[in-house]
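This report concerns only the one structure given below.
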Amino acid sequence: MIDLSLEAGKPQSNGKVALVTGAVRGIGLGISAWLIAEGWQVVLADIDRKRGAKVARALGSSAWFVGMDVAQESQVAMGVAEVLGQFGRLDALVCNAAVADPRNPPLAELKLSYWNQVLGVNLTGPLLLAKHCSAYLQAHRGAMVNIASTRAHQTEPNSEACAASKGGLLGLTHALAISLGPDVRVNAVSPGWIDSRSPGERRQAPLSAQSHAQHPAGRVGTVEDVAALVAWLLSDRAGFVTGQEFIVDGGMTRKMIYLD
């Protein structure tokens with residue numbers, strides 16, 4: 001059962017449609033739930049079709065699911081066509097789909113197939129989505145947010161593929177902001193170490209005081225921190241912001257923490 005913990009009665013529809021990839025767990029699910037609470041119609045896109053359909057049902061009538069492997073252009077094209085066929089518009093795109101493991105195999109064991117898989121999902125995916133969604137975003141002066149990572153800035157053992165893909169995503173974000181502006185705003189959000197569990201799971205098993213003590217401000221980030229920032233970047237309140245990276249890491253960008 002999905003614990004949203006964000007709903008305060010039925011949200012007032014704002015008439016806008018957002019497509020969120022990697023949307024059926026963790027940060028992607030939190031972003032989707034937050035946007036629904038703010039009145040968006042949210043299309044959840046994910047490669048996990050079974051879970052995606054279940055999550056969409058749990059989120060209610062403001063959620064709709066489309067199966068999609070973002071690294072495959074044919075699937076991206078068909079998925080976007082489904083969204084347009086269902087809603088007739090697209091106002092926002094959130095590219096959250098990613099290969100989840102932040103650490104590669106050791107460099108000597110790193111296979112080109114794994115490298116290609118990570119860059120395919122983490123970097124090629126947002127490019128393909130921008131390519132196939134840009135005309136519809138431009139028609140409604142929409143916005144795009146790419147979920148990057150602070151690993152693009154940090155040195156960490158065995159993170160070559162993740163760091164390269166997320167660093168490339170920051171460059172892609174800036175380039176798209178120039179290419180699609182001024183009609184489409186494009187920004188990136190880079191989470192650091194985020195407790196991506198659901199609110200219910202966090203209540204049942206809170207992080208230890210030791211975990212909090214390892215962070216400069218004594219506070220570990222949550223899915224809601226990222227979701228609230230994404231929602232703001234998609235709103236008219238951030239209408240002046242484009243081509244930027246926003247870091248959500250509690251001040252840890254220059255301090256790597258290794259948790260047991």
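Going through the structure tokens in order, the chains are called A, B, and so on, while each chain numbers its residues from 1 and the ligands are numbered from 1 in the order shown.
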Pick out the residues sitting within 7 Å of A:Ala227, and hand them over as a PyMOL selection string; count only C-alpha atoms, and ignore anything fewer than 4 positions along from it in its own chain.
chain A and resi 30-31+34+223+231
Could I get the residues of stretch 105-215 of chain A with an atom no further than 12 Å from an atom of stretch 19-22 of chain A, each paired with its nearest atom pair and that distance in Å to one decimal, using only C-alpha atoms, sorted by chain and residue number, as a Markdown table?
```
| residue | atom | partner | partner_atom | distance |
| --- | --- | --- | --- | --- |
| A:Val121 | CA | A:Gly22 | CA | 10.2 |
| A:Asn122 | CA | A:Gly22 | CA | 10.7 |
| A:Gly125 | CA | A:Thr21 | CA | 9.5 |
| A:Pro126 | CA | A:Thr21 | CA | 9.4 |
| A:Leu129 | CA | A:Thr21 | CA | 9.5 |
| A:Ala130 | CA | A:Leu19 | CA | 11.3 |
| A:Cys133 | CA | A:Leu19 | CA | 9.5 |
| A:Tyr136 | CA | A:Leu19 | CA | 11.6 |
| A:Leu137 | CA | A:Leu19 | CA | 10.8 |
| A:Gly142 | CA | A:Leu19 | CA | 11.5 |
| A:Ala143 | CA | A:Leu19 | CA | 10.8 |
| A:Met144 | CA | A:Leu19 | CA | 9.5 |
| A:Val145 | CA | A:Val20 | CA | 9.5 |
| A:Asn146 | CA | A:Thr21 | CA | 10.0 |
| A:Ile147 | CA | A:Thr21 | CA | 10.0 |
```
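Taking atom CA of A:Thr124 and atom CA of A:Ala71 as the two end points, the separation is 6.1 Å.
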Nearest to A:Arg57 among A:Ile247, A:Gly167, A:Phe87, A:Val24, with distances taken over only C-alpha atoms: which residue is it?
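Residue with the minimum atom-to-atom distance to A:Arg57: A:Val24.
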Name the closest residue to A:Cys95 among the candidates A:Ile194, A:Ala23, A:Leu229, A:Ala53; distances are taken between atoms, counting only C-alpha atoms.
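The shortest atom-to-atom distance to A:Cys95 comes from A:Ala23.
Distances from A:Gly39, A:Pro182, A:Gly120, A:Gly192 to A:Ala152 were compared using only C-alpha atoms, and the smallest one belongs to A:Gly192.
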Stretch 58-65 of chain A environment, 7 Å, only C-alpha atoms, sequence neighbours closer than 5 positions dropped, as a PyMOL selection string
chain A and resi 2+36+41-45+52-53
So that I can see what lies close to A:Leu127, please list as a list in words the residues with an atom at most 9 Å from it, counting only C-alpha atoms and leaving out residues fewer than 3 positions away in the same chain.
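Answer for this query is Leu123, Thr124, Ala130, Lys131, His132, Leu169, Leu172 and Leu176 of chain A.
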When you look at A:Gly79 with a cut-off of 9 Å (counting only C-alpha atoms), what residues show up, excluding the ones that are within fewer than 2 positions of it in the same chain? I need them as a list in words.
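Selected residues are Ala45, Val66, Gly67, Met68, Ser74, Gln75, Val76, Ala77, Ala81, Glu82, Val83 and Leu84 of chain A.
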Just the residues within 9 Å of A:Arg151, please, counting only C-alpha atoms, with nothing from its chain fewer than 6 positions along; format it as a list in words.
Pro102, Ser159, Cys162, Ala163, Ala164, Lys166, Gly167, Ser190, Pro191, Gly192 and Thr253 of chain A
Run DSSP on the backbone of this structure and report the residues of stretch 23-142 of chain A it assigns to helix (DSSP H, G or I), as a PDB file with N, CA and C atoms, in the first residue's frame.
```
ATOM      1  N   GLY A  26      10.527   5.641  -4.874  1.00  0.00           N
ATOM      2  CA  GLY A  26      11.529   6.604  -4.458  1.00  0.00           C
ATOM      3  C   GLY A  26      11.203   8.044  -4.801  1.00  0.00           C
ATOM      4  N   ILE A  27      12.203   8.759  -5.295  1.00  0.00           N
ATOM      5  CA  ILE A  27      12.051  10.174  -5.599  1.00  0.00           C
ATOM      6  C   ILE A  27      10.995  10.411  -6.664  1.00  0.00           C
ATOM      7  N   GLY A  28      10.956   9.566  -7.688  1.00  0.00           N
ATOM      8  CA  GLY A  28       9.968   9.752  -8.749  1.00  0.00           C
ATOM      9  C   GLY A  28       8.548   9.654  -8.245  1.00  0.00           C
ATOM     10  N   LEU A  29       8.283   8.696  -7.348  1.00  0.00           N
ATOM     11  CA  LEU A  29       6.956   8.551  -6.769  1.00  0.00           C
ATOM     12  C   LEU A  29       6.625   9.750  -5.889  1.00  0.00           C
ATOM     13  N   GLY A  30       7.602  10.215  -5.110  1.00  0.00           N
ATOM     14  CA  GLY A  30       7.369  11.381  -4.266  1.00  0.00           C
ATOM     15  C   GLY A  30       7.043  12.624  -5.074  1.00  0.00           C
ATOM     16  N   ILE A  31       7.760  12.820  -6.187  1.00  0.00           N
ATOM     17  CA  ILE A  31       7.483  13.960  -7.061  1.00  0.00           C
ATOM     18  C   ILE A  31       6.073  13.860  -7.635  1.00  0.00           C
ATOM     19  N   SER A  32       5.696  12.663  -8.081  1.00  0.00           N
ATOM     20  CA  SER A  32       4.373  12.471  -8.672  1.00  0.00           C
ATOM     21  C   SER A  32       3.274  12.778  -7.663  1.00  0.00           C
ATOM     22  N   ALA A  33       3.419  12.257  -6.447  1.00  0.00           N
ATOM     23  CA  ALA A  33       2.410  12.481  -5.414  1.00  0.00           C
ATOM     24  C   ALA A  33       2.308  13.956  -5.057  1.00  0.00           C
ATOM     25  N   TRP A  34       3.447  14.633  -4.989  1.00  0.00           N
ATOM     26  CA  TRP A  34       3.451  16.063  -4.652  1.00  0.00           C
ATOM     27  C   TRP A  34       2.740  16.879  -5.731  1.00  0.00           C
ATOM     28  N   LEU A  35       3.040  16.570  -6.987  1.00  0.00           N
ATOM     29  CA  LEU A  35       2.404  17.304  -8.081  1.00  0.00           C
ATOM     30  C   LEU A  35       0.897  17.071  -8.096  1.00  0.00           C
ATOM     31  N   ILE A  36       0.484  15.844  -7.835  1.00  0.00           N
ATOM     32  CA  ILE A  36      -0.958  15.563  -7.773  1.00  0.00           C
ATOM     33  C   ILE A  36      -1.610  16.388  -6.671  1.00  0.00           C
ATOM     34  N   ALA A  37      -0.935  16.480  -5.517  1.00  0.00           N
ATOM     35  CA  ALA A  37      -1.478  17.275  -4.413  1.00  0.00           C
ATOM     36  C   ALA A  37      -1.576  18.749  -4.771  1.00  0.00           C
ATOM     37  N   ARG A  49       6.041  -2.167 -15.649  1.00  0.00           N
ATOM     38  CA  ARG A  49       4.633  -1.992 -16.005  1.00  0.00           C
ATOM     39  C   ARG A  49       3.687  -2.521 -14.926  1.00  0.00           C
ATOM     40  N   LYS A  50       4.015  -3.638 -14.322  1.00  0.00           N
ATOM     41  CA  LYS A  50       3.134  -4.218 -13.306  1.00  0.00           C
ATOM     42  C   LYS A  50       3.014  -3.288 -12.108  1.00  0.00           C
ATOM     43  N   ARG A  51       4.141  -2.837 -11.600  1.00  0.00           N
ATOM     44  CA  ARG A  51       4.113  -1.933 -10.450  1.00  0.00           C
ATOM     45  C   ARG A  51       3.515  -0.586 -10.850  1.00  0.00           C
ATOM     46  N   GLY A  52       3.813  -0.134 -12.068  1.00  0.00           N
ATOM     47  CA  GLY A  52       3.321   1.165 -12.513  1.00  0.00           C
ATOM     48  C   GLY A  52       1.813   1.251 -12.516  1.00  0.00           C
ATOM     49  N   ALA A  53       1.163   0.206 -13.027  1.00  0.00           N
ATOM     50  CA  ALA A  53      -0.299   0.197 -13.046  1.00  0.00           C
ATOM     51  C   ALA A  53      -0.863   0.208 -11.631  1.00  0.00           C
ATOM     52  N   LYS A  54      -0.228  -0.522 -10.723  1.00  0.00           N
ATOM     53  CA  LYS A  54      -0.678  -0.575  -9.328  1.00  0.00           C
ATOM     54  C   LYS A  54      -0.514   0.779  -8.647  1.00  0.00           C
ATOM     55  N   VAL A  55       0.622   1.416  -8.862  1.00  0.00           N
ATOM     56  CA  VAL A  55       0.888   2.715  -8.242  1.00  0.00           C
ATOM     57  C   VAL A  55      -0.087   3.771  -8.758  1.00  0.00           C
ATOM     58  N   ALA A  56      -0.345   3.752 -10.054  1.00  0.00           N
ATOM     59  CA  ALA A  56      -1.269   4.732 -10.632  1.00  0.00           C
ATOM     60  C   ALA A  56      -2.659   4.588 -10.021  1.00  0.00           C
ATOM     61  N   ARG A  57      -3.101   3.353  -9.833  1.00  0.00           N
ATOM     62  CA  ARG A  57      -4.408   3.140  -9.198  1.00  0.00           C
ATOM     63  C   ARG A  57      -4.422   3.681  -7.780  1.00  0.00           C
ATOM     64  N   ALA A  58      -3.333   3.461  -7.050  1.00  0.00           N
ATOM     65  CA  ALA A  58      -3.266   3.915  -5.662  1.00  0.00           C
ATOM     66  C   ALA A  58      -3.254   5.440  -5.561  1.00  0.00           C
ATOM     67  N   LEU A  59      -2.665   6.105  -6.538  1.00  0.00           N
ATOM     68  CA  LEU A  59      -2.596   7.559  -6.516  1.00  0.00           C
ATOM     69  C   LEU A  59      -3.920   8.213  -6.893  1.00  0.00           C
ATOM     70  N   GLU A  73      14.260   4.819 -28.248  1.00  0.00           N
ATOM     71  CA  GLU A  73      13.535   5.933 -28.862  1.00  0.00           C
ATOM     72  C   GLU A  73      12.138   5.538 -29.314  1.00  0.00           C
ATOM     73  N   SER A  74      11.974   4.313 -29.805  1.00  0.00           N
ATOM     74  CA  SER A  74      10.644   3.900 -30.257  1.00  0.00           C
ATOM     75  C   SER A  74       9.646   3.893 -29.109  1.00  0.00           C
ATOM     76  N   GLN A  75      10.089   3.465 -27.927  1.00  0.00           N
ATOM     77  CA  GLN A  75       9.191   3.447 -26.767  1.00  0.00           C
ATOM     78  C   GLN A  75       8.898   4.857 -26.268  1.00  0.00           C
ATOM     79  N   VAL A  76       9.897   5.731 -26.316  1.00  0.00           N
ATOM     80  CA  VAL A  76       9.668   7.126 -25.918  1.00  0.00           C
ATOM     81  C   VAL A  76       8.651   7.768 -26.848  1.00  0.00           C
ATOM     82  N   ALA A  77       8.831   7.576 -28.147  1.00  0.00           N
ATOM     83  CA  ALA A  77       7.922   8.168 -29.126  1.00  0.00           C
ATOM     84  C   ALA A  77       6.495   7.663 -28.939  1.00  0.00           C
ATOM     85  N   MET A  78       6.342   6.347 -28.741  1.00  0.00           N
ATOM     86  CA  MET A  78       5.004   5.783 -28.545  1.00  0.00           C
ATOM     87  C   MET A  78       4.394   6.254 -27.236  1.00  0.00           C
ATOM     88  N   GLY A  79       5.212   6.344 -26.179  1.00  0.00           N
ATOM     89  CA  GLY A  79       4.706   6.790 -24.891  1.00  0.00           C
ATOM     90  C   GLY A  79       4.219   8.223 -24.927  1.00  0.00           C
ATOM     91  N   VAL A  80       4.994   9.085 -25.548  1.00  0.00           N
ATOM     92  CA  VAL A  80       4.590  10.491 -25.660  1.00  0.00           C
ATOM     93  C   VAL A  80       3.323  10.613 -26.506  1.00  0.00           C
ATOM     94  N   ALA A  81       3.220   9.808 -27.571  1.00  0.00           N
ATOM     95  CA  ALA A  81       2.013   9.819 -28.399  1.00  0.00           C
ATOM     96  C   ALA A  81       0.792   9.386 -27.591  1.00  0.00           C
ATOM     97  N   GLU A  82       0.972   8.414 -26.688  1.00  0.00           N
ATOM     98  CA  GLU A  82      -0.132   7.990 -25.821  1.00  0.00           C
ATOM     99  C   GLU A  82      -0.579   9.133 -24.913  1.00  0.00           C
ATOM    100  N   VAL A  83       0.390   9.842 -24.357  1.00  0.00           N
ATOM    101  CA  VAL A  83       0.064  10.968 -23.472  1.00  0.00           C
ATOM    102  C   VAL A  83      -0.740  12.013 -24.229  1.00  0.00           C
ATOM    103  N   LEU A  84      -0.288  12.351 -25.433  1.00  0.00           N
ATOM    104  CA  LEU A  84      -0.996  13.364 -26.223  1.00  0.00           C
ATOM    105  C   LEU A  84      -2.372  12.873 -26.640  1.00  0.00           C
ATOM    106  N   GLY A  85      -2.481  11.581 -26.953  1.00  0.00           N
ATOM    107  CA  GLY A  85      -3.773  11.033 -27.322  1.00  0.00           C
ATOM    108  C   GLY A  85      -4.752  11.051 -26.162  1.00  0.00           C
ATOM    109  N   GLN A  86      -4.235  10.862 -24.951  1.00  0.00           N
ATOM    110  CA  GLN A  86      -5.093  10.822 -23.776  1.00  0.00           C
ATOM    111  C   GLN A  86      -5.482  12.215 -23.289  1.00  0.00           C
ATOM    112  N   PHE A  87      -4.522  13.154 -23.299  1.00  0.00           N
ATOM    113  CA  PHE A  87      -4.751  14.458 -22.672  1.00  0.00           C
ATOM    114  C   PHE A  87      -4.734  15.641 -23.642  1.00  0.00           C
ATOM    115  N   LEU A 107      36.842  -0.444 -11.659  1.00  0.00           N
ATOM    116  CA  LEU A 107      37.199  -0.016 -13.002  1.00  0.00           C
ATOM    117  C   LEU A 107      37.745  -1.156 -13.856  1.00  0.00           C
ATOM    118  N   ALA A 108      38.585  -1.998 -13.267  1.00  0.00           N
ATOM    119  CA  ALA A 108      39.181  -3.102 -14.034  1.00  0.00           C
ATOM    120  C   ALA A 108      38.130  -4.115 -14.497  1.00  0.00           C
ATOM    121  N   GLU A 109      36.956  -4.126 -13.822  1.00  0.00           N
ATOM    122  CA  GLU A 109      35.894  -5.078 -14.158  1.00  0.00           C
ATOM    123  C   GLU A 109      34.729  -4.413 -14.881  1.00  0.00           C
ATOM    124  N   LEU A 112      31.848  -2.527 -20.993  1.00  0.00           N
ATOM    125  CA  LEU A 112      31.286  -1.488 -21.849  1.00  0.00           C
ATOM    126  C   LEU A 112      29.763  -1.593 -21.902  1.00  0.00           C
ATOM    127  N   SER A 113      29.229  -2.790 -21.792  1.00  0.00           N
ATOM    128  CA  SER A 113      27.775  -2.963 -21.829  1.00  0.00           C
ATOM    129  C   SER A 113      27.112  -2.269 -20.636  1.00  0.00           C
ATOM    130  N   TYR A 114      27.765  -2.344 -19.460  1.00  0.00           N
ATOM    131  CA  TYR A 114      27.216  -1.665 -18.278  1.00  0.00           C
ATOM    132  C   TYR A 114      27.319  -0.153 -18.440  1.00  0.00           C
ATOM    133  N   TRP A 115      28.464   0.310 -18.914  1.00  0.00           N
ATOM    134  CA  TRP A 115      28.668   1.738 -19.181  1.00  0.00           C
ATOM    135  C   TRP A 115      27.590   2.259 -20.130  1.00  0.00           C
ATOM    136  N   ASN A 116      27.351   1.533 -21.204  1.00  0.00           N
ATOM    137  CA  ASN A 116      26.344   1.952 -22.186  1.00  0.00           C
ATOM    138  C   ASN A 116      24.941   1.943 -21.592  1.00  0.00           C
ATOM    139  N   GLN A 117      24.665   0.966 -20.726  1.00  0.00           N
ATOM    140  CA  GLN A 117      23.345   0.903 -20.085  1.00  0.00           C
ATOM    141  C   GLN A 117      23.114   2.125 -19.200  1.00  0.00           C
ATOM    142  N   VAL A 118      24.095   2.472 -18.378  1.00  0.00           N
ATOM    143  CA  VAL A 118      23.947   3.614 -17.467  1.00  0.00           C
ATOM    144  C   VAL A 118      23.791   4.914 -18.244  1.00  0.00           C
ATOM    145  N   LEU A 119      24.662   5.134 -19.235  1.00  0.00           N
ATOM    146  CA  LEU A 119      24.550   6.365 -20.012  1.00  0.00           C
ATOM    147  C   LEU A 119      23.286   6.372 -20.869  1.00  0.00           C
ATOM    148  N   GLY A 120      22.839   5.198 -21.298  1.00  0.00           N
ATOM    149  CA  GLY A 120      21.623   5.129 -22.091  1.00  0.00           C
ATOM    150  C   GLY A 120      20.412   5.611 -21.323  1.00  0.00           C
ATOM    151  N   VAL A 121      20.265   5.151 -20.077  1.00  0.00           N
ATOM    152  CA  VAL A 121      19.119   5.541 -19.258  1.00  0.00           C
ATOM    153  C   VAL A 121      19.296   6.941 -18.678  1.00  0.00           C
ATOM    154  N   ASN A 122      20.477   7.202 -18.102  1.00  0.00           N
ATOM    155  CA  ASN A 122      20.685   8.444 -17.351  1.00  0.00           C
ATOM    156  C   ASN A 122      20.887   9.673 -18.222  1.00  0.00           C
ATOM    157  N   LEU A 123      21.389   9.481 -19.434  1.00  0.00           N
ATOM    158  CA  LEU A 123      21.720  10.635 -20.275  1.00  0.00           C
ATOM    159  C   LEU A 123      20.981  10.629 -21.614  1.00  0.00           C
ATOM    160  N   THR A 124      21.022   9.511 -22.315  1.00  0.00           N
ATOM    161  CA  THR A 124      20.303   9.445 -23.590  1.00  0.00           C
ATOM    162  C   THR A 124      18.800   9.565 -23.374  1.00  0.00           C
ATOM    163  N   GLY A 125      18.287   8.963 -22.292  1.00  0.00           N
ATOM    164  CA  GLY A 125      16.863   9.030 -21.995  1.00  0.00           C
ATOM    165  C   GLY A 125      16.332  10.461 -21.932  1.00  0.00           C
ATOM    166  N   PRO A 126      16.932  11.335 -21.110  1.00  0.00           N
ATOM    167  CA  PRO A 126      16.464  12.724 -21.075  1.00  0.00           C
ATOM    168  C   PRO A 126      16.570  13.436 -22.424  1.00  0.00           C
ATOM    169  N   LEU A 127      17.603  13.109 -23.217  1.00  0.00           N
ATOM    170  CA  LEU A 127      17.721  13.703 -24.544  1.00  0.00           C
ATOM    171  C   LEU A 127      16.548  13.285 -25.424  1.00  0.00           C
ATOM    172  N   LEU A 128      16.226  11.986 -25.430  1.00  0.00           N
ATOM    173  CA  LEU A 128      15.126  11.489 -26.256  1.00  0.00           C
ATOM    174  C   LEU A 128      13.790  12.080 -25.805  1.00  0.00           C
ATOM    175  N   LEU A 129      13.594  12.180 -24.501  1.00  0.00           N
ATOM    176  CA  LEU A 129      12.355  12.753 -23.988  1.00  0.00           C
ATOM    177  C   LEU A 129      12.228  14.220 -24.378  1.00  0.00           C
ATOM    178  N   ALA A 130      13.331  14.953 -24.274  1.00  0.00           N
ATOM    179  CA  ALA A 130      13.300  16.358 -24.682  1.00  0.00           C
ATOM    180  C   ALA A 130      12.982  16.471 -26.172  1.00  0.00           C
ATOM    181  N   LYS A 131      13.595  15.610 -26.960  1.00  0.00           N
ATOM    182  CA  LYS A 131      13.373  15.632 -28.414  1.00  0.00           C
ATOM    183  C   LYS A 131      11.900  15.432 -28.759  1.00  0.00           C
ATOM    184  N   HIS A 132      11.263  14.461 -28.100  1.00  0.00           N
ATOM    185  CA  HIS A 132       9.889  14.108 -28.462  1.00  0.00           C
ATOM    186  C   HIS A 132       8.840  14.925 -27.716  1.00  0.00           C
ATOM    187  N   CYS A 133       9.225  15.632 -26.661  1.00  0.00           N
ATOM    188  CA  CYS A 133       8.257  16.417 -25.888  1.00  0.00           C
ATOM    189  C   CYS A 133       8.362  17.916 -26.133  1.00  0.00           C
ATOM    190  N   SER A 134       9.471  18.367 -26.706  1.00  0.00           N
ATOM    191  CA  SER A 134       9.749  19.811 -26.743  1.00  0.00           C
ATOM    192  C   SER A 134       8.664  20.619 -27.455  1.00  0.00           C
ATOM    193  N   ALA A 135       8.139  20.110 -28.561  1.00  0.00           N
ATOM    194  CA  ALA A 135       7.132  20.876 -29.301  1.00  0.00           C
ATOM    195  C   ALA A 135       5.883  21.104 -28.460  1.00  0.00           C
ATOM    196  N   TYR A 136       5.516  20.102 -27.665  1.00  0.00           N
ATOM    197  CA  TYR A 136       4.309  20.214 -26.846  1.00  0.00           C
ATOM    198  C   TYR A 136       4.563  21.096 -25.630  1.00  0.00           C
ATOM    199  N   LEU A 137       5.778  21.029 -25.077  1.00  0.00           N
ATOM    200  CA  LEU A 137       6.130  21.925 -23.985  1.00  0.00           C
ATOM    201  C   LEU A 137       6.165  23.376 -24.458  1.00  0.00           C
ATOM    202  N   GLN A 138       6.707  23.595 -25.647  1.00  0.00           N
ATOM    203  CA  GLN A 138       6.768  24.949 -26.191  1.00  0.00           C
ATOM    204  C   GLN A 138       5.374  25.525 -26.427  1.00  0.00           C
ATOM    205  N   ALA A 139       4.446  24.674 -26.829  1.00  0.00           N
ATOM    206  CA  ALA A 139       3.086  25.144 -27.118  1.00  0.00           C
ATOM    207  C   ALA A 139       2.406  25.711 -25.885  1.00  0.00           C
TER     208      ALA A 139
END
```
Need the shell around A:Leu110: protein/DNA/RNA residues with any atom at most 10 Å away, counting only C-alpha atoms. Skip same-chain ones fewer than 4 positions apart. Format as a list in words?
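The neighbour list is Asn104, Pro105, Pro106, Tyr114, Trp115, Asn158, Glu160 and Ala161 of chain A.
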Write the residues of the preceding selection, restricted to C-alpha atoms, as a short mmCIF file (atom, residue, chain, number, x, y, z; two decimals), in the first residue's frame.
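Output (selection.cif):
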```cif
data_model
loop_
_atom_site.label_atom_id
_atom_site.label_comp_id
_atom_site.auth_asym_id
_atom_site.auth_seq_id
_atom_site.Cartn_x
_atom_site.Cartn_y
_atom_site.Cartn_z
CA ASN A 104 29.97 0.78 -10.81
CA PRO A 105 31.91 -2.43 -10.66
CA PRO A 106 35.61 -1.71 -10.01
CA TYR A 114 27.22 -1.66 -18.28
CA TRP A 115 28.67 1.74 -19.18
CA ASN A 158 33.82 3.10 -8.57
CA GLU A 160 32.67 6.44 -13.24
CA ALA A 161 29.50 5.57 -15.16
#
```
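DSSP secondary structure from the backbone places A:Val94, A:Cys95, A:Ala143, A:Met144, A:Val145, A:Asn146, A:Ile147, A:Arg185, A:Val186, A:Asn187, A:Ala188, A:Val189, A:Ser190, A:Pro191, A:Ile194, A:Asp195, A:Gly221, A:Thr222, A:Glu245, A:Phe246, A:Ile247, A:Val248 of stretch 94-260 of chain A in strand (DSSP E).
Nearest residue to A:Gln244, choosing from A:Asn14, A:Ser179, A:Thr173, A:Ser198 and counting only C-alpha atoms: A:Thr173.
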Using atom CA of A:Leu207 and atom CA of A:Trp232 as the two end points, give the distance in Å to one decimal.
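Atom-to-atom, atom CA of A:Leu207 and atom CA of A:Trp232 are spaced 27.4 Å apart.
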d(atom CA of A:Pro157, atom CA of A:Thr222) in Å
24.4 Å
